[in-house]
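Below: entry_15.cif (mmCIF, C-alpha atoms, pLDDT in the B column; chains and numbers go by the auth columns)
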```cif
data_upload
loop_
_atom_site.group_PDB
_atom_site.id
_atom_site.type_symbol
_atom_site.label_atom_id
_atom_site.label_comp_id
_atom_site.label_asym_id
_atom_site.label_seq_id
_atom_site.Cartn_x
_atom_site.Cartn_y
_atom_site.Cartn_z
_atom_site.B_iso_or_equiv
_atom_site.auth_seq_id
_atom_site.auth_asym_id
ATOM 1 C CA MET A 1 103.629 3.546 -79.478 54.00 16 P
ATOM 2 C CA THR A 2 101.686 6.271 -77.662 52.00 17 P
ATOM 3 C CA LEU A 3 100.156 9.395 -79.215 60.00 18 P
ATOM 4 C CA ALA A 4 99.390 12.459 -77.111 83.00 19 P
ATOM 5 C CA LYS A 5 99.226 16.253 -77.433 90.00 20 P
ATOM 6 C CA ILE A 6 102.122 17.963 -75.648 91.00 21 P
ATOM 7 C CA VAL A 7 103.557 21.420 -75.014 93.00 22 P
ATOM 8 C CA VAL A 8 107.121 21.595 -73.674 93.00 23 P
ATOM 9 C CA THR A 9 109.819 24.156 -73.202 94.00 24 P
ATOM 10 C CA GLY A 10 113.518 23.456 -73.289 93.00 25 P
ATOM 11 C CA LYS A 11 116.974 24.296 -74.521 93.00 26 P
ATOM 12 C CA VAL A 12 118.164 23.245 -77.976 93.00 27 P
ATOM 13 C CA VAL A 13 121.211 20.964 -77.559 92.00 28 P
ATOM 14 C CA LYS A 14 121.774 20.119 -81.228 89.00 29 P
ATOM 15 C CA ASN A 15 121.581 22.498 -84.180 90.00 30 P
ATOM 16 C CA PRO A 16 118.578 21.867 -86.422 93.00 31 P
ATOM 17 C CA GLU A 17 119.244 19.589 -89.407 94.00 32 P
ATOM 18 C CA LYS A 18 117.115 20.315 -92.470 95.00 33 P
ATOM 19 C CA ARG A 19 116.578 17.572 -95.024 94.00 34 P
ATOM 20 C CA PHE A 20 114.209 16.955 -97.886 94.00 35 P
ATOM 21 C CA THR A 21 112.045 13.974 -98.826 92.00 36 P
ATOM 22 C CA GLN A 22 111.932 12.578 -102.363 92.00 37 P
ATOM 23 C CA ASN A 23 108.900 14.842 -102.957 91.00 38 P
ATOM 24 C CA ASN A 24 110.966 17.912 -101.936 92.00 39 P
ATOM 25 C CA LEU A 25 109.142 18.307 -98.585 93.00 40 P
ATOM 26 C CA ALA A 26 111.348 19.942 -95.916 94.00 41 P
ATOM 27 C CA ILE A 27 111.872 18.097 -92.617 95.00 42 P
ATOM 28 C CA THR A 28 113.892 19.664 -89.803 95.00 43 P
ATOM 29 C CA ASN A 29 115.060 17.625 -86.809 95.00 44 P
ATOM 30 C CA LEU A 30 116.516 18.967 -83.567 93.00 45 P
ATOM 31 C CA ILE A 31 117.086 17.759 -80.022 92.00 46 P
ATOM 32 C CA VAL A 32 115.773 19.653 -76.990 92.00 47 P
ATOM 33 C CA ASP A 33 116.643 19.206 -73.304 91.00 48 P
ATOM 34 C CA ILE A 34 113.342 19.600 -71.431 90.00 49 P
ATOM 35 C CA ASN A 35 114.741 18.888 -67.935 86.00 50 P
ATOM 36 C CA PRO A 36 118.256 20.276 -67.333 82.00 51 P
ATOM 37 C CA GLN A 37 118.605 18.569 -63.915 86.00 52 P
ATOM 38 C CA ASP A 38 118.193 15.061 -65.378 84.00 53 P
ATOM 39 C CA GLU A 39 119.150 15.923 -68.975 79.00 54 P
ATOM 40 C CA THR A 40 115.927 14.646 -70.503 84.00 55 P
ATOM 41 C CA LEU A 41 116.400 14.834 -74.260 88.00 56 P
ATOM 42 C CA VAL A 42 113.534 14.815 -76.748 91.00 57 P
ATOM 43 C CA ARG A 43 113.704 14.538 -80.535 92.00 58 P
ATOM 44 C CA VAL A 44 111.666 17.160 -82.385 94.00 59 P
ATOM 45 C CA SER A 45 110.594 16.915 -86.029 94.00 60 P
ATOM 46 C CA ALA A 46 109.041 19.745 -88.015 94.00 61 P
ATOM 47 C CA ILE A 47 107.573 19.342 -91.498 94.00 62 P
ATOM 48 C CA GLY A 48 106.935 21.766 -94.376 93.00 63 P
ATOM 49 C CA ALA A 49 106.866 25.531 -93.766 93.00 64 P
ATOM 50 C CA LEU A 50 107.470 25.011 -90.042 93.00 65 P
ATOM 51 C CA ALA A 51 110.613 23.042 -90.911 94.00 66 P
ATOM 52 C CA ASP A 52 111.885 25.917 -93.068 93.00 67 P
ATOM 53 C CA ARG A 53 111.200 28.486 -90.340 93.00 68 P
ATOM 54 C CA ALA A 54 112.754 26.347 -87.597 93.00 69 P
ATOM 55 C CA ALA A 55 115.910 25.734 -89.615 93.00 70 P
ATOM 56 C CA GLU A 56 116.309 29.478 -90.251 92.00 71 P
ATOM 57 C CA THR A 57 115.583 30.814 -86.768 92.00 72 P
ATOM 58 C CA VAL A 58 116.432 28.169 -84.151 93.00 73 P
ATOM 59 C CA GLN A 59 120.057 27.651 -83.112 92.00 74 P
ATOM 60 C CA LEU A 60 122.066 25.725 -80.539 92.00 75 P
ATOM 61 C CA ASN A 61 121.372 26.893 -76.925 91.00 76 P
ATOM 62 C CA ASP A 62 118.121 28.718 -77.829 93.00 77 P
ATOM 63 C CA THR A 63 115.182 28.240 -75.481 93.00 78 P
ATOM 64 C CA VAL A 64 112.047 27.154 -77.324 94.00 79 P
ATOM 65 C CA ILE A 65 108.411 26.233 -76.715 94.00 80 P
ATOM 66 C CA ILE A 66 107.237 23.281 -78.769 94.00 81 P
ATOM 67 C CA ASP A 67 103.624 22.303 -79.344 93.00 82 P
ATOM 68 C CA GLY A 68 102.896 19.021 -81.056 93.00 83 P
ATOM 69 C CA ARG A 69 102.154 15.325 -80.927 93.00 84 P
ATOM 70 C CA LEU A 70 104.177 13.078 -78.618 91.00 85 P
ATOM 71 C CA GLN A 71 105.201 9.625 -79.775 89.00 86 P
ATOM 72 C CA MET A 72 106.925 7.130 -77.472 86.00 87 P
ATOM 73 C CA GLU A 73 108.789 4.341 -79.214 83.00 88 P
ATOM 74 C CA ASN A 74 110.695 1.304 -77.978 84.00 89 P
ATOM 75 C CA VAL A 75 114.082 1.008 -79.657 79.00 90 P
ATOM 76 C CA LYS A 76 116.786 -1.634 -79.308 81.00 91 P
ATOM 77 C CA THR A 77 120.235 -0.157 -78.687 78.00 92 P
ATOM 78 C CA THR A 78 123.389 -1.582 -80.254 84.00 93 P
ATOM 79 C CA SER A 79 124.009 -3.431 -76.973 85.00 94 P
ATOM 80 C CA GLY A 80 120.613 -5.156 -77.290 84.00 95 P
ATOM 81 C CA LYS A 81 118.817 -3.281 -74.502 84.00 96 P
ATOM 82 C CA ASP A 82 115.323 -1.842 -74.946 83.00 97 P
ATOM 83 C CA LYS A 83 115.146 1.942 -74.633 79.00 98 P
ATOM 84 C CA LYS A 84 112.189 4.340 -74.810 81.00 99 P
ATOM 85 C CA VAL A 85 112.622 7.292 -77.158 81.00 100 P
ATOM 86 C CA ALA A 86 110.336 10.341 -77.102 87.00 101 P
ATOM 87 C CA THR A 87 109.711 12.174 -80.379 91.00 102 P
ATOM 88 C CA ILE A 88 107.557 15.269 -80.838 93.00 103 P
ATOM 89 C CA THR A 89 106.086 15.952 -84.256 93.00 104 P
ATOM 90 C CA ALA A 90 105.851 19.725 -83.929 94.00 105 P
ATOM 91 C CA SER A 91 102.855 21.768 -84.995 93.00 106 P
ATOM 92 C CA ASN A 92 104.433 24.971 -83.646 93.00 107 P
ATOM 93 C CA ILE A 93 107.927 26.018 -82.494 93.00 108 P
ATOM 94 C CA GLU A 94 108.454 29.391 -80.820 92.00 109 P
ATOM 95 C CA LYS A 95 111.846 30.758 -79.828 90.00 110 P
ATOM 96 C CA ILE A 96 111.619 32.416 -76.395 89.00 111 P
ATOM 97 C CA GLY A 97 115.296 32.872 -75.599 69.00 112 P
ATOM 98 C CA ALA A 98 118.383 33.484 -77.700 65.00 113 P
ATOM 99 C CA SER A 99 121.595 31.529 -77.328 57.00 114 P
ATOM 100 C CA ALA A 100 124.245 32.852 -74.949 53.00 115 P
ATOM 101 C CA ASP A 101 126.765 33.077 -77.783 50.00 116 P
ATOM 102 C CA ALA A 102 124.536 35.247 -79.974 46.00 117 P
ATOM 103 C CA GLY A 103 127.524 37.357 -80.950 43.00 118 P
ATOM 104 C CA ASN A 104 127.562 41.117 -81.449 41.00 119 P
ATOM 105 C CA LEU A 105 124.392 42.728 -80.150 41.00 120 P
ATOM 106 C CA SER A 106 123.644 46.416 -80.454 40.00 121 P
ATOM 107 C CA ALA A 107 122.910 48.427 -77.287 40.00 122 P
ATOM 108 C CA ALA A 108 119.180 48.454 -78.100 43.00 123 P
ATOM 109 C CA GLN A 109 119.159 44.670 -78.578 45.00 124 P
ATOM 110 C CA THR A 110 121.040 44.163 -75.296 43.00 125 P
ATOM 111 C CA GLN A 111 118.569 46.380 -73.443 45.00 126 P
ATOM 112 C CA ALA A 112 115.612 44.605 -75.071 48.00 127 P
ATOM 113 C CA LYS A 113 117.123 41.233 -74.162 50.00 128 P
ATOM 114 C CA ASN A 114 117.195 42.206 -70.467 51.00 129 P
ATOM 115 C CA GLU A 115 113.593 43.433 -70.402 53.00 130 P
ATOM 116 C CA PRO A 116 110.916 40.967 -69.290 51.00 131 P
ATOM 117 C CA VAL A 117 108.852 39.313 -72.013 51.00 132 P
ATOM 118 C CA VAL A 118 105.577 39.918 -70.151 51.00 133 P
ATOM 119 C CA GLN A 119 104.734 43.027 -68.119 51.00 134 P
ATOM 120 C CA PHE A 120 102.338 42.467 -65.219 50.00 135 P
ATOM 121 C CA SER A 121 100.309 45.240 -63.645 51.00 136 P
ATOM 122 C CA THR A 122 101.444 46.364 -60.204 52.00 137 P
ATOM 123 C CA GLU A 123 98.023 47.719 -59.213 54.00 138 P
ATOM 124 C CA GLU A 124 96.438 46.155 -56.159 54.00 139 P
ATOM 125 C CA ILE A 125 93.127 44.391 -56.664 52.00 140 P
ATOM 126 C CA ALA A 126 90.492 45.643 -54.247 52.00 141 P
ATOM 127 C CA GLU A 127 89.499 43.010 -51.712 54.00 142 P
ATOM 128 C CA ASP A 128 85.964 44.344 -51.401 53.00 143 P
ATOM 129 C CA LEU A 129 84.845 43.443 -54.937 59.00 144 P
ATOM 130 C CA ILE A 130 82.505 40.738 -53.617 61.00 145 P
ATOM 131 C CA ASP A 131 80.527 41.161 -50.430 63.00 146 P
ATOM 132 C CA PRO A 132 80.800 38.057 -48.167 64.00 147 P
ATOM 133 C CA ASP A 133 76.972 37.832 -48.182 69.00 148 P
ATOM 134 C CA GLU A 134 77.028 37.322 -51.993 66.00 149 P
ATOM 135 C CA ILE A 135 79.009 34.068 -51.805 65.00 150 P
ATOM 136 C CA PRO A 136 76.515 31.199 -52.243 66.00 151 P
ATOM 137 C CA PHE A 137 78.207 28.702 -49.922 59.00 152 P
#
```
Let me see whether you can do it: turn the structure in this file into structure tokens.
Amino acid sequence: MTLAKIVVTGKVVKNPEKRFTQNNLAITNLIVDINPQDETLVRVSAIGALADRAAETVQLNDTVIIDGRLQMENVKTTSGKDKKVATITASNIEKIGASADAGNLSAAQTQAKNEPVVQFSTEEIAEDLIDPDEIPF
């Protein structure tokens, strides 16, 4: 088993499933496709308040950014073959894109959906900020 910090983005391919432990601690599991060309699926688990929020806000086909701890495990399939399974224990899940079948959107929501998330400045940066003689090498 390997432990590593990871940040990935992908599309949710299975609706979140919220369950509770015997101590009434919420755990939400979902599956995210992080590479659409090769269909690389990753299990994601969220615990506690993050599990509650993920279950309420994340849906099938949403695009999400997940920050957490990566665990690689070797699992035997029913046919007896060894298979590596990646699981992320999430410390943060952010929804960055809504599902295509979001339903009835108002005109303002449709316009907001088409606007870019980040606005970059279009001003040119002056090339003469540093004199060539000031460069130390």
Margin query: For the provided coordinates, the residues matched by the PyMOL selection byres ((chain P and resi 75-80) around 10) should be stated as a ChimeraX atom specification.
Written below: /P:22-31,45-49,72-74,81-82,107-117
Q. Can you list what the PyMOL selection byres ((chain P and resi 33) around 8) grabs from this structure, as a PyMOL selection string?
A. chain P and resi 31-32+34-35+41-44+66-67+70
re CA of Ala69 in chain P and CA of Thr104 in chain P: distance 12.8 Å
Judged by only C-alpha atoms, the minimum distance to Ile103 in chain P among P:Ala64, P:Val59, P:Leu40, P:Glu71 is found for P:Val59
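In this model, the gap between CA of Glu54 in chain P and CA of Lys91 in chain P comes to 20.5 Å.
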